[in-house]
Structure formats: C-alpha cells, structure tokens
$ cat protein.txt   # compact mmCIF, C-alpha atoms
# COMPACT_ATOMS: atom_id res chain seq x y z
CA MET T 3 0.00 0.00 0.00
CA HIS T 4 2.99 2.28 0.63
CA ARG T 5 3.66 2.43 -3.11
CA LEU T 6 0.16 3.63 -4.06
CA PRO T 7 -0.03 7.04 -5.64
CA LYS T 8 -0.65 9.65 -2.98
CA GLU T 9 -4.15 10.53 -4.20
CA VAL T 10 -5.03 6.81 -4.38
CA GLY T 11 -3.79 6.20 -0.86
CA SER T 12 -5.80 9.16 0.43
CA TRP T 13 -8.90 7.91 -1.34
CA ILE T 14 -8.51 4.39 0.05
CA TYR T 15 -7.92 5.77 3.53
CA ASN T 16 -11.08 7.85 3.34
CA PHE T 17 -13.15 4.91 2.18
CA PHE T 18 -11.76 2.66 4.92
CA TYR T 19 -12.38 5.39 7.49
CA ASP T 20 -15.99 5.73 6.30
CA GLU T 21 -16.30 1.90 6.41
CA HIS T 22 -16.88 1.57 2.69
CA SER T 23 -15.87 -1.64 0.97
CA ILE T 24 -12.93 -1.05 -1.32
CA ALA T 25 -10.39 -3.21 -3.17
CA TYR T 26 -7.49 -2.63 -5.52
CA LEU T 27 -5.42 -4.43 -8.12
CA LYS T 28 -1.84 -3.66 -9.04
CA ILE T 29 -1.19 -4.33 -12.73
CA ASP T 30 2.35 -4.58 -14.16
CA ALA T 31 3.65 -3.63 -17.56
CA GLU T 32 2.76 -7.07 -18.94
CA LEU T 33 -0.87 -6.37 -17.95
CA CYS T 34 -0.74 -9.12 -15.35
CA VAL T 35 -1.97 -8.92 -11.77
CA ALA T 36 1.02 -7.95 -9.65
CA ALA T 37 -0.88 -7.59 -6.36
CA LYS T 38 -4.34 -7.26 -4.89
CA GLY T 39 -5.70 -5.92 -1.66
CA GLY T 40 -8.63 -4.55 0.26
CA ASN T 41 -11.95 -6.39 0.48
CA VAL T 42 -11.33 -8.50 -2.62
CA LYS T 43 -13.86 -11.10 -1.48
CA HIS T 44 -16.60 -8.45 -1.41
CA TYR T 45 -15.97 -7.76 -5.09
CA GLY T 46 -15.45 -11.38 -6.14
CA LEU T 47 -11.72 -10.82 -6.73
CA ALA T 48 -10.40 -13.43 -4.27
CA SER T 49 -9.88 -15.99 -7.03
CA LEU T 50 -7.69 -13.70 -9.15
CA ARG T 51 -4.26 -15.21 -9.62
CA ILE T 52 -1.11 -13.13 -9.20
CA GLY T 53 1.08 -13.12 -12.28
CA GLN T 54 -1.77 -13.96 -14.66
CA PRO T 55 -3.12 -11.51 -17.28
CA VAL T 56 -5.86 -9.38 -15.81
CA ALA T 57 -7.93 -9.37 -19.02
CA ASP T 58 -8.14 -13.18 -18.97
CA GLN T 59 -9.59 -13.04 -15.45
CA LEU T 60 -11.84 -9.95 -15.74
CA GLU T 61 -13.70 -9.78 -19.05
CA PHE T 62 -14.49 -6.08 -18.75
CA MET T 63 -10.71 -5.33 -18.73
CA GLU T 64 -10.17 -6.78 -22.20
CA GLY T 65 -9.15 -3.98 -24.53
CA LEU T 66 -9.13 -1.43 -21.71
CA LEU T 67 -5.33 -1.53 -21.18
CA PRO T 68 -2.92 -0.26 -22.11
CA SER T 69 -4.79 3.05 -21.84
CA PRO T 70 -3.07 6.13 -23.22
CA GLU T 71 -4.86 8.46 -20.82
CA LEU T 72 -4.79 7.82 -17.07
CA PRO T 73 -6.34 8.37 -14.65
CA TYR T 74 -9.46 6.77 -16.13
CA HIS T 75 -12.93 6.25 -14.62
CA MET T 76 -15.58 3.64 -15.38
CA ALA T 77 -18.84 4.26 -13.53
CA MET T 78 -21.08 1.51 -12.12
CA VAL T 79 -19.57 -1.64 -13.60
CA GLU T 80 -21.38 -4.94 -12.96
CA LEU T 81 -18.88 -7.39 -11.39
CA PRO T 82 -18.94 -11.23 -11.39
CA SER T 83 -20.00 -11.15 -7.72
CA GLY T 84 -23.14 -9.26 -8.65
CA ARG T 85 -21.85 -6.15 -6.95
CA VAL T 86 -21.65 -2.82 -8.71
CA ALA T 87 -18.48 -0.73 -8.45
CA ASP T 88 -17.00 2.49 -9.75
CA LEU T 89 -13.59 1.67 -11.29
CA HIS T 90 -10.70 4.13 -11.19
CA LEU T 91 -7.39 3.51 -12.94
CA PHE T 92 -4.27 5.43 -11.92
CA ALA T 93 -0.67 5.09 -13.07
CA ASP T 94 2.68 5.50 -11.36
CA SER T 95 6.12 5.00 -12.88
CA ALA T 96 5.81 1.23 -13.36
CA TYR T 97 2.30 0.08 -12.51
CA VAL T 98 -1.39 0.73 -13.09
CA TRP T 99 -3.58 0.75 -10.04
CA LEU T 100 -7.19 -0.34 -10.43
CA LEU T 101 -9.51 0.69 -7.57
CA PHE T 102 -12.93 -0.85 -6.91
CA LEU T 103 -15.23 1.55 -5.03
CA ASP T 104 -18.62 0.13 -4.01
CA ALA T 105 -21.50 1.73 -5.97
CA THR T 106 -24.20 -0.84 -5.21
CA VAL T 107 -26.11 1.50 -2.92
CA GLU T 108 -25.85 4.27 -5.47
CA ARG T 109 -27.04 1.83 -8.16
CA ASP T 110 -29.93 0.75 -5.98
CA ASN T 111 -30.82 4.35 -5.20
CA ARG T 112 -30.63 5.20 -8.87
CA GLN T 113 -32.81 2.24 -9.72
CA ARG T 114 -35.30 3.28 -7.06
CA LEU T 115 -35.29 6.79 -8.44
CA GLN T 116 -35.71 5.44 -11.95
CA GLN T 117 -38.54 3.21 -10.74
CA LYS T 118 -40.17 6.14 -8.99
CA ALA T 119 -39.67 8.26 -12.07
CA TYR T 120 -41.20 5.48 -14.16
CA GLU T 121 -44.10 5.14 -11.74
CA MET T 122 -44.51 8.91 -11.73
CA THR T 123 -44.53 8.88 -15.51
CA LEU T 124 -47.21 6.16 -15.44
CA LEU T 125 -49.21 8.19 -12.93
CA GLN T 126 -48.86 11.32 -15.05
CA GLU T 127 -49.89 9.39 -18.14
CA ARG T 128 -52.83 7.92 -16.27
CA GLU T 129 -53.73 11.39 -15.01
CA ARG T 130 -53.49 12.72 -18.56
CA GLN T 131 -55.71 9.91 -19.84
CA LEU T 132 -58.22 10.51 -17.04
CA ASN T 133 -58.19 14.26 -17.73
CA GLU T 134 -58.76 13.59 -21.42
CA LYS T 135 -61.59 11.21 -20.55
CA LEU T 136 -63.03 13.72 -18.09
CA GLN T 137 -62.76 16.44 -20.71
CA SER T 138 -64.43 14.16 -23.24
CA VAL T 139 -67.20 13.33 -20.76
CA ASN T 140 -67.63 17.02 -19.92
CA GLU T 141 -67.74 17.87 -23.60
CA ALA T 142 -70.30 15.14 -24.23
CA LEU T 143 -72.28 16.35 -21.22
CA ARG T 144 -72.11 19.94 -22.48
CA GLU T 145 -73.23 18.86 -25.93
CA SER T 146 -75.99 16.77 -24.36
CA GLN T 147 -77.11 19.74 -22.24
CA GLU T 148 -77.01 22.01 -25.28
CA GLY T 149 -78.98 19.40 -27.21
CA LEU T 150 -81.51 19.16 -24.41
CA GLN T 151 -81.71 22.95 -24.27
CA ARG T 152 -82.25 23.08 -28.04
CA GLU T 153 -84.94 20.40 -27.78
CA TYR T 154 -86.52 22.26 -24.87
CA GLN T 155 -86.54 25.50 -26.84
CA ARG T 156 -87.91 23.65 -29.86
CA ALA T 157 -90.64 22.10 -27.71
CA GLU T 158 -91.39 25.53 -26.22
CA THR T 159 -91.62 27.07 -29.68
CA LEU T 160 -93.90 24.30 -30.91
CA LEU T 161 -96.04 24.64 -27.80
CA LEU T 162 -96.38 28.39 -28.31
CA ASN T 163 -97.28 27.76 -31.95
CA ILE T 164 -100.19 25.67 -30.74
CA LEU T 165 -101.24 27.48 -27.57
CA PRO T 166 -101.32 31.03 -26.22
CA ALA T 167 -98.39 31.64 -23.87
CA SER T 168 -100.50 31.86 -20.69
CA ILE T 169 -102.37 28.67 -21.59
CA ALA T 170 -99.06 26.87 -22.25
CA GLU T 171 -97.77 27.85 -18.78
CA ARG T 172 -100.94 26.60 -17.12
CA LEU T 173 -100.75 23.35 -19.09
CA LYS T 174 -97.12 22.77 -18.01
CA ALA T 175 -98.29 23.20 -14.42
CA ASP T 176 -100.69 20.26 -15.01
CA GLU T 177 -103.71 22.55 -14.75
CA GLN T 178 -106.88 21.52 -16.52
CA ILE T 179 -107.76 24.19 -19.07
CA ALA T 180 -111.51 24.82 -19.20
CA ASP T 181 -112.52 28.49 -19.16
CA ASN T 182 -115.69 30.51 -19.66
CA HIS T 183 -115.29 33.84 -21.41
CA ALA T 184 -118.29 36.16 -21.30
CA GLU T 185 -117.26 38.51 -24.12
CA VAL T 186 -115.01 37.69 -27.08
CA SER T 187 -115.13 38.14 -30.82
CA VAL T 188 -114.59 35.18 -33.15
CA LEU T 189 -113.55 35.36 -36.82
CA PHE T 190 -113.59 32.78 -39.59
CA ALA T 191 -111.93 33.45 -42.97
CA ASP T 192 -111.45 31.16 -45.95
CA ILE T 193 -110.15 31.46 -49.51
CA VAL T 194 -112.87 31.80 -52.15
CA GLY T 195 -112.94 28.87 -54.60
CA PHE T 196 -109.83 27.31 -53.12
CA THR T 197 -110.82 23.66 -53.61
CA GLU T 198 -111.72 24.09 -57.28
CA ARG T 199 -108.65 26.21 -58.07
CA ALA T 200 -106.29 23.85 -56.24
CA ARG T 201 -107.23 21.00 -58.60
CA SER T 202 -105.45 22.73 -61.49
CA VAL T 203 -102.10 23.23 -59.73
CA GLY T 204 -99.64 20.93 -58.01
CA ALA T 205 -99.03 20.34 -54.32
CA VAL T 206 -96.12 22.79 -54.16
CA THR T 207 -98.19 25.74 -55.40
CA THR T 208 -101.14 24.79 -53.22
CA LEU T 209 -99.02 24.63 -50.09
CA ALA T 210 -97.25 27.87 -51.00
CA ILE T 211 -100.58 29.71 -51.18
CA LEU T 212 -101.79 28.25 -47.89
CA ASN T 213 -98.47 29.08 -46.27
CA TYR T 214 -98.72 32.68 -47.45
CA PHE T 215 -102.27 32.98 -46.14
CA PHE T 216 -101.61 31.43 -42.72
CA LYS T 217 -98.36 33.34 -42.22
CA ALA T 218 -100.24 36.59 -42.87
CA ALA T 219 -102.85 35.46 -40.33
CA ASP T 220 -100.12 34.76 -37.76
CA ARG T 221 -98.32 38.03 -38.36
CA LEU T 222 -101.48 40.10 -38.01
CA SER T 223 -102.50 38.18 -34.88
CA GLU T 224 -99.33 39.38 -33.19
CA ARG T 225 -99.88 42.95 -34.40
CA TYR T 226 -103.46 43.25 -33.16
CA GLY T 227 -103.19 41.09 -30.03
CA CYS T 228 -105.47 38.33 -31.32
CA GLU T 229 -105.09 34.55 -31.10
CA LYS T 230 -105.14 32.31 -34.14
CA ILE T 231 -106.87 29.24 -32.74
CA LYS T 232 -106.63 26.82 -35.65
CA THR T 233 -106.76 26.23 -39.37
CA ILE T 234 -109.37 24.04 -41.05
CA GLY T 235 -108.39 23.27 -44.60
CA ASP T 236 -108.15 26.72 -46.23
CA CYS T 237 -110.04 28.39 -43.37
CA VAL T 238 -108.55 30.17 -40.35
CA MET T 239 -110.23 30.77 -36.99
CA VAL T 240 -109.11 33.78 -34.90
CA VAL T 241 -110.39 35.19 -31.61
CA ALA T 242 -109.91 38.44 -29.71
CA GLY T 243 -110.56 38.84 -25.98
CA LEU T 244 -108.86 35.72 -24.64
CA PRO T 245 -107.03 34.30 -22.83
CA ALA T 246 -106.81 37.82 -21.33
CA ALA T 247 -110.05 39.77 -21.47
CA ARG T 248 -110.08 43.09 -23.33
CA SER T 249 -112.92 45.57 -23.81
CA ASP T 250 -111.99 46.40 -27.43
CA HIS T 251 -112.04 42.81 -28.70
CA ALA T 252 -114.55 43.58 -31.46
CA GLU T 253 -112.58 46.58 -32.71
CA ALA T 254 -109.26 44.64 -32.64
CA LEU T 255 -110.75 41.78 -34.67
CA ALA T 256 -112.41 44.16 -37.15
CA ARG T 257 -109.08 45.86 -37.84
CA TYR T 258 -107.47 42.43 -38.10
CA ALA T 259 -110.05 41.38 -40.73
CA LEU T 260 -109.50 44.51 -42.82
CA GLU T 261 -105.70 44.03 -42.81
CA LEU T 262 -106.00 40.31 -43.59
CA ARG T 263 -108.19 41.00 -46.61
CA LYS T 264 -105.73 43.66 -47.81
CA ALA T 265 -102.72 41.37 -47.30
CA VAL T 266 -104.02 38.46 -49.39
CA LYS T 267 -105.07 40.70 -52.29
CA ARG T 268 -101.38 41.11 -53.09
CA GLU T 269 -101.03 37.38 -53.86
CA ARG T 270 -102.27 35.61 -57.00
CA PHE T 271 -103.55 32.06 -57.33
CA THR T 272 -104.22 30.32 -60.67
CA GLY T 273 -104.14 33.62 -62.53
CA GLY T 274 -106.37 35.62 -60.20
CA ARG T 275 -105.85 37.38 -56.90
CA LEU T 276 -106.72 35.74 -53.61
CA ARG T 277 -110.16 36.62 -52.26
CA LEU T 278 -111.53 35.86 -48.80
CA ARG T 279 -114.92 35.39 -47.17
CA ILE T 280 -114.77 36.64 -43.59
CA GLY T 281 -117.38 36.41 -40.81
CA ILE T 282 -117.25 37.83 -37.26
CA HIS T 283 -119.56 37.39 -34.28
CA SER T 284 -119.21 38.45 -30.63
CA GLY T 285 -120.48 36.77 -27.48
CA PRO T 286 -119.64 34.22 -24.79
CA ILE T 287 -117.64 31.07 -25.46
CA VAL T 288 -116.06 28.12 -23.67
CA ALA T 289 -112.31 27.64 -24.25
CA GLY T 290 -110.10 24.74 -23.25
CA VAL T 291 -107.44 22.20 -24.09
CA ILE T 292 -108.49 18.77 -25.25
CA GLY T 293 -106.47 15.68 -26.07
CA LYS T 294 -103.41 14.12 -24.45
CA ARG T 295 -100.67 13.44 -26.99
CA ARG T 296 -101.99 15.70 -29.74
CA PHE T 297 -103.73 18.27 -27.61
CA ALA T 298 -105.45 21.34 -29.04
CA TYR T 299 -106.73 24.62 -27.69
CA ASP T 300 -110.23 25.20 -29.06
CA LEU T 301 -113.43 27.20 -28.61
CA TRP T 302 -117.03 26.02 -28.30
CA GLY T 303 -120.44 27.60 -28.09
CA GLU T 304 -123.13 29.34 -30.13
CA THR T 305 -120.82 32.32 -30.73
CA VAL T 306 -118.37 30.06 -32.59
CA ASN T 307 -121.15 28.38 -34.61
CA LEU T 308 -122.75 31.67 -35.64
CA ALA T 309 -119.40 33.22 -36.65
CA ALA T 310 -118.77 30.20 -38.92
CA ARG T 311 -122.22 30.47 -40.52
CA ILE T 312 -121.84 34.24 -41.06
CA GLN T 313 -118.53 33.58 -42.84
CA THR T 314 -120.16 30.97 -45.06
CA SER T 315 -122.88 33.46 -46.07
CA ALA T 316 -120.42 36.22 -47.01
CA GLU T 317 -119.71 37.19 -50.60
CA PRO T 318 -116.18 37.09 -52.03
CA ASP T 319 -114.03 39.90 -50.57
CA GLU T 320 -116.79 40.63 -48.03
CA ILE T 321 -116.39 40.97 -44.27
CA ARG T 322 -119.71 40.25 -42.59
CA ILE T 323 -120.30 40.96 -38.92
CA SER T 324 -123.20 40.14 -36.65
CA ASP T 325 -125.49 42.69 -35.05
CA ALA T 326 -123.78 42.00 -31.71
CA THR T 327 -120.34 42.83 -33.14
CA HIS T 328 -121.69 45.94 -34.88
CA THR T 329 -123.09 47.20 -31.56
CA LEU T 330 -119.67 46.80 -29.91
CA LEU T 331 -117.88 48.65 -32.73
CA GLY T 332 -120.03 51.76 -32.31
CA PRO T 333 -119.52 54.81 -34.54
CA ASN T 334 -115.83 54.09 -35.20
CA PHE T 335 -116.73 51.88 -38.17
CA ALA T 336 -119.20 52.92 -40.89
CA CYS T 337 -120.88 49.57 -41.49
CA GLU T 338 -123.44 48.88 -44.18
CA PRO T 339 -126.62 47.10 -43.07
CA LEU T 340 -127.66 43.90 -44.81
CA ALA T 341 -131.10 42.35 -45.04
CA GLU T 342 -131.90 39.69 -42.51
CA THR T 343 -130.61 36.37 -43.76
CA GLU T 344 -131.73 32.85 -42.94
CA LEU T 345 -128.76 30.90 -41.59
CA ARG T 346 -128.82 27.13 -41.24
CA GLY T 347 -129.56 26.01 -37.70
CA THR T 348 -129.91 29.61 -36.47
CA GLY T 349 -132.86 31.25 -38.18
CA ARG T 350 -133.00 34.77 -39.49
CA VAL T 351 -129.98 36.84 -38.55
CA ARG T 352 -129.33 40.55 -39.04
CA MET T 353 -125.81 41.24 -40.37
CA TRP T 354 -123.63 44.14 -41.47
CA ARG T 355 -120.91 44.62 -44.06
CA LEU T 356 -117.58 46.01 -42.91
CA PRO T 357 -116.31 48.21 -45.77
CA ALA T 358 -112.64 48.85 -46.57

$ encode --input "protein.txt" --output "structure tokens"
Amino acid sequence: MHRLPKEVGSWIYNFFYDEHSIAYLKIDAELCVAAKGGNVKHYGLASLRIGQPVADQLEFMEGLLPSPELPYHMAMVELPSGRVADLHLFADSAYVWLLFLDATVERDNRQRLQQKAYEMTLLQERERQLNEKLQSVNEALRESQEGLQREYQRAETLLLNILPASIAERLKADEQIADNHAEVSVLFADIVGFTERARSVGAVTTLAILNYFFKAADRLSERYGCEKIKTIGDCVMVVAGLPAARSDHAEALARYALELRKAVKRERFTGGRLRLRIGIHSGPIVAGVIGKRRFAYDLWGETVNLAARIQTSAEPDEIRISDATHTLLGPNFACEPLAETELRGTGRVRMWRLPA
C-alpha cells in the first residue's frame, strides 16, 4: 500500500475510514496482476491469480489496457460477484492501479429513483388519460345539455305555436284548461274557390298559397293582439278577448279582418288574386285544451257556430259581422246594413258589411 499514488492512498484511507468496501489491483507492464488488496472477497476478486493476465480473469478489462490516458474512470460496472463498483485507474512509474469503489447502494438508489420516475410517468400518463376522458365526458355532457336545451326551446316554440303563452304555462303546471269567457269576438276566414282552383295546380303551389295565407294570419294576430286558434283546410279561426279579457275585442278583430283582406289581395292564385270570405260574431264562449298526446286549444259555443255560418254566407271579398259585433264597434266603423238572412240552424240573422 505504501507504493500507491498519494491521491489513491488518500482515497482508500477515506473509504476505509468511512467503512466503505474497497479493493485494488496492481497491474504490471505485462498487464498481469502484480498484487491485490482490500476487500477482494466483497468484489469477487479473491480468485484472481497473481502473475496472470488481468484481461483473462476480468472480461471487462479486455481492450481497456494499455490506456493512453490515465487516470481513467468507469462508472457503475457490474462485477462477477453481482456487486456494482465504480472503477478508477491510476498510473505510477511502473504500474497501473485499479480501484474498486462500491456503488451498489448508489445503483440501488438510482434504480429506485428510476422506478419512482417510471411510476410517476405512469401516474402522469394515467392522469393525462383521465383528464382527457373527463374532458371528453364534460364535452359530451355539455353537448348533451345544449342538445336538451335546443330540444326544450324547440318544444317551447312548438307549444307556443299551438297554444297562447299563458295557456301553455298553465298546461305545463298540469292545470286543466276549461274556461268561460263572457265577451269575445270570433272570426272565420277562408279562400274563395280554393278547392276548385287547387285542382289545377300541383301540391307545391297549393301549399305555397296556404303558407302565405296562414303566415299573414299569424303576423297580423301578433300585431293586433289576437289569437289564431286553428286552421281548417283553407279556413282560419281567430279570436280576440282571450285568454286575457279586453274591452276592445270587437274593434281589434275588425281591424285584423281589414288588414288580412288587404294582405291576401297582393297574392295571386291560378291567374287571379286571392279573395276571402270573412265572418265575425261576438259573445260568450267556452275555451279549453283537449287531447293528451296531440292536444289542441279550441273554442265552443253558439258564438263560434254563428261566426262560422256568417262567414259561409259572405260574398267574395266581403267581411260580414253580426249585429252583436256591430253594436260593440259603435260609430268608429261605418258599417253597411244587410237584409236579414236565414242561416242554417240559427234562423234569421241581421248582419252588417264592414267596408274597406
């Protein structure tokens, strides 16, 4: 040991002092083992023979010596004993000194760190996958909620197309809709000669005309605060004064009728302009919702029947109103009296013509 290079001796001393396992080999110019020392058994070096080539006894030394540059370091070399060592080669004037410094603990720590890093990577990957899945689920949930909201809005729109808003709210609250209204005005309007004229055109033209007519009826209902109750073939039924009562129901429906007649005159059907027969009557009615799956909001009573019969008796382009409606209109409308007319199921009825 006294011939070790100074830095090698200091290193070995420090390792012995710190109770680390260390061993060394002294290699001569012929690359044979000249001496060995330290805890050679710990490193599996006890069987090395003095005077024999080191490369023949330690495979990892083959080709390593002679080394042109010393000192030389080989980190964490796996030895025959299964131990792991850091190898340091130093040179003096005649020999090469090979030191074995135990690195098993460092190897194990490194492996543990690598294992933890691997496990952390797996956890991070799993977290990433879970986040992606959560994001996908959230996105699907958002799309589902948006779809439900769109369907809800669509259902609301359809409901409001069928029912007045206040009736729709009552229906959603599971309320039975059956109301008496003491004073309303009811209007019926149909297209003159529609059935005969529709025979000469196709379905597309027929539906286009009906669509124009019913859209005009809807638009004017909103303008004058009336309710379009239903369509029957080419006939539309409209009421003023419900679901919320109003004192000017007759006047509102009269103005509605005048504007509806004016609106359809701008459209042509089979070569001629559209012409309507319109009838209006005022009085009490019963209103309610019937049906379960295909429910409908409708009106019943003598007022409805008489309004329909007055409409049937009207001439093309004529708006006929009953005596009751005329009384409610007062002097605001210059109506023309008509002779009493026999109406089916009603008897003789006095009517008036509402001029443009």

$ atom_distance --input "protein.txt" --atom1 "atom CA of Arg51 of chain T" --atom2 "atom CA of Ala36 of chain T"
9.0 Å

$ residues_near_point --input "protein.txt" --point "(-112.1, 29.8, -21.8)" --cutoff "7 Å" --atoms "all atoms listed in the file" --output "list in words"
Ala180, Asp181, Asn182, His183, Pro245, Ile287, Val288, Ala289 and Gly290 of chain T

$ closest_atom_pairs --input "protein.txt" --of "segment 234-288 of chain T" --to "segment 221-224 of chain T" --cutoff "10 Å" --atoms "all atoms listed in the file" --output "tab-separated table"
residue	atom	partner	partner_atom	distance
T:Val240	CA	T:Ser223	CA	7.9
T:Val241	CA	T:Ser223	CA	9.0
T:Ala242	CA	T:Ser223	CA	9.0
T:Ala254	CA	T:Ser223	CA	9.6
T:Leu255	CA	T:Ser223	CA	9.0
T:Arg257	CA	T:Leu222	CA	9.5
T:Tyr258	CA	T:Leu222	CA	6.4
T:Ala259	CA	T:Leu222	CA	9.1
T:Glu261	CA	T:Leu222	CA	7.5
T:Leu262	CA	T:Leu222	CA	7.2
T:Ala265	CA	T:Leu222	CA	9.5

$ residues_around --input "protein.txt" --residues "Ser315 of chain T" --least-positions-apart "4" --cutoff "12 Å" --atoms "only C-alpha atoms" --output "PDB file with C-alpha atoms, keeping the file's coordinate frame"
ATOM      1  CA  PHE T 190    -113.590  32.780 -39.590  1.00  0.00           C
ATOM      2  CA  ALA T 191    -111.930  33.450 -42.970  1.00  0.00           C
ATOM      3  CA  ASP T 192    -111.450  31.160 -45.950  1.00  0.00           C
ATOM      4  CA  VAL T 194    -112.870  31.800 -52.150  1.00  0.00           C
ATOM      5  CA  LEU T 278    -111.530  35.860 -48.800  1.00  0.00           C
ATOM      6  CA  ARG T 279    -114.920  35.390 -47.170  1.00  0.00           C
ATOM      7  CA  ILE T 280    -114.770  36.640 -43.590  1.00  0.00           C
ATOM      8  CA  GLY T 281    -117.380  36.410 -40.810  1.00  0.00           C
ATOM      9  CA  ILE T 282    -117.250  37.830 -37.260  1.00  0.00           C
ATOM     10  CA  LEU T 308    -122.750  31.670 -35.640  1.00  0.00           C
ATOM     11  CA  ALA T 309    -119.400  33.220 -36.650  1.00  0.00           C
ATOM     12  CA  ALA T 310    -118.770  30.200 -38.920  1.00  0.00           C
ATOM     13  CA  ARG T 311    -122.220  30.470 -40.520  1.00  0.00           C
ATOM     14  CA  ASP T 319    -114.030  39.900 -50.570  1.00  0.00           C
ATOM     15  CA  GLU T 320    -116.790  40.630 -48.030  1.00  0.00           C
ATOM     16  CA  ILE T 321    -116.390  40.970 -44.270  1.00  0.00           C
ATOM     17  CA  ARG T 322    -119.710  40.250 -42.590  1.00  0.00           C
ATOM     18  CA  ILE T 323    -120.300  40.960 -38.920  1.00  0.00           C
ATOM     19  CA  SER T 324    -123.200  40.140 -36.650  1.00  0.00           C
ATOM     20  CA  LEU T 340    -127.660  43.900 -44.810  1.00  0.00           C
ATOM     21  CA  GLU T 342    -131.900  39.690 -42.510  1.00  0.00           C
ATOM     22  CA  THR T 343    -130.610  36.370 -43.760  1.00  0.00           C
ATOM     23  CA  GLU T 344    -131.730  32.850 -42.940  1.00  0.00           C
ATOM     24  CA  LEU T 345    -128.760  30.900 -41.590  1.00  0.00           C
ATOM     25  CA  ARG T 346    -128.820  27.130 -41.240  1.00  0.00           C
ATOM     26  CA  VAL T 351    -129.980  36.840 -38.550  1.00  0.00           C
ATOM     27  CA  ARG T 352    -129.330  40.550 -39.040  1.00  0.00           C
ATOM     28  CA  MET T 353    -125.810  41.240 -40.370  1.00  0.00           C
ATOM     29  CA  TRP T 354    -123.630  44.140 -41.470  1.00  0.00           C
ATOM     30  CA  ARG T 355    -120.910  44.620 -44.060  1.00  0.00           C
TER      31      ARG T 355
END

$ closest_residue --input "protein.txt" --among "T:Ala87, T:Val238, T:Ala25, T:Ala298" --to "Lys38 of chain T" --atoms "all atoms listed in the file"
T:Ala25

$ atom_distance --input "protein.txt" --atom1 "atom CA of Leu212 of chain T" --atom2 "atom CA of Gly243 of chain T"
25.9 Å

$ atom_distance --input "protein.txt" --atom1 "atom CA of Leu209 of chain T" --atom2 "atom CA of Lys264 of chain T"
20.3 Å

$ closest_residue --input "protein.txt" --among "T:Leu276, T:Val35, T:Ile234, T:Ala157" --to "Met63 of chain T" --atoms "only C-alpha atoms"
T:Val35

$ residues_around --input "protein.txt" --residues "segment 70-76 of chain T" --least-positions-apart "6" --cutoff "9 Å" --atoms "only C-alpha atoms" --output "PyMOL selection string"
chain T and resi 87-93+98

$ closest_residue --input "protein.txt" --among "T:Ala246, T:Leu60, T:Ala252, T:Ala316" --to "Arg277 of chain T" --atoms "all atoms listed in the file"
T:Ala316
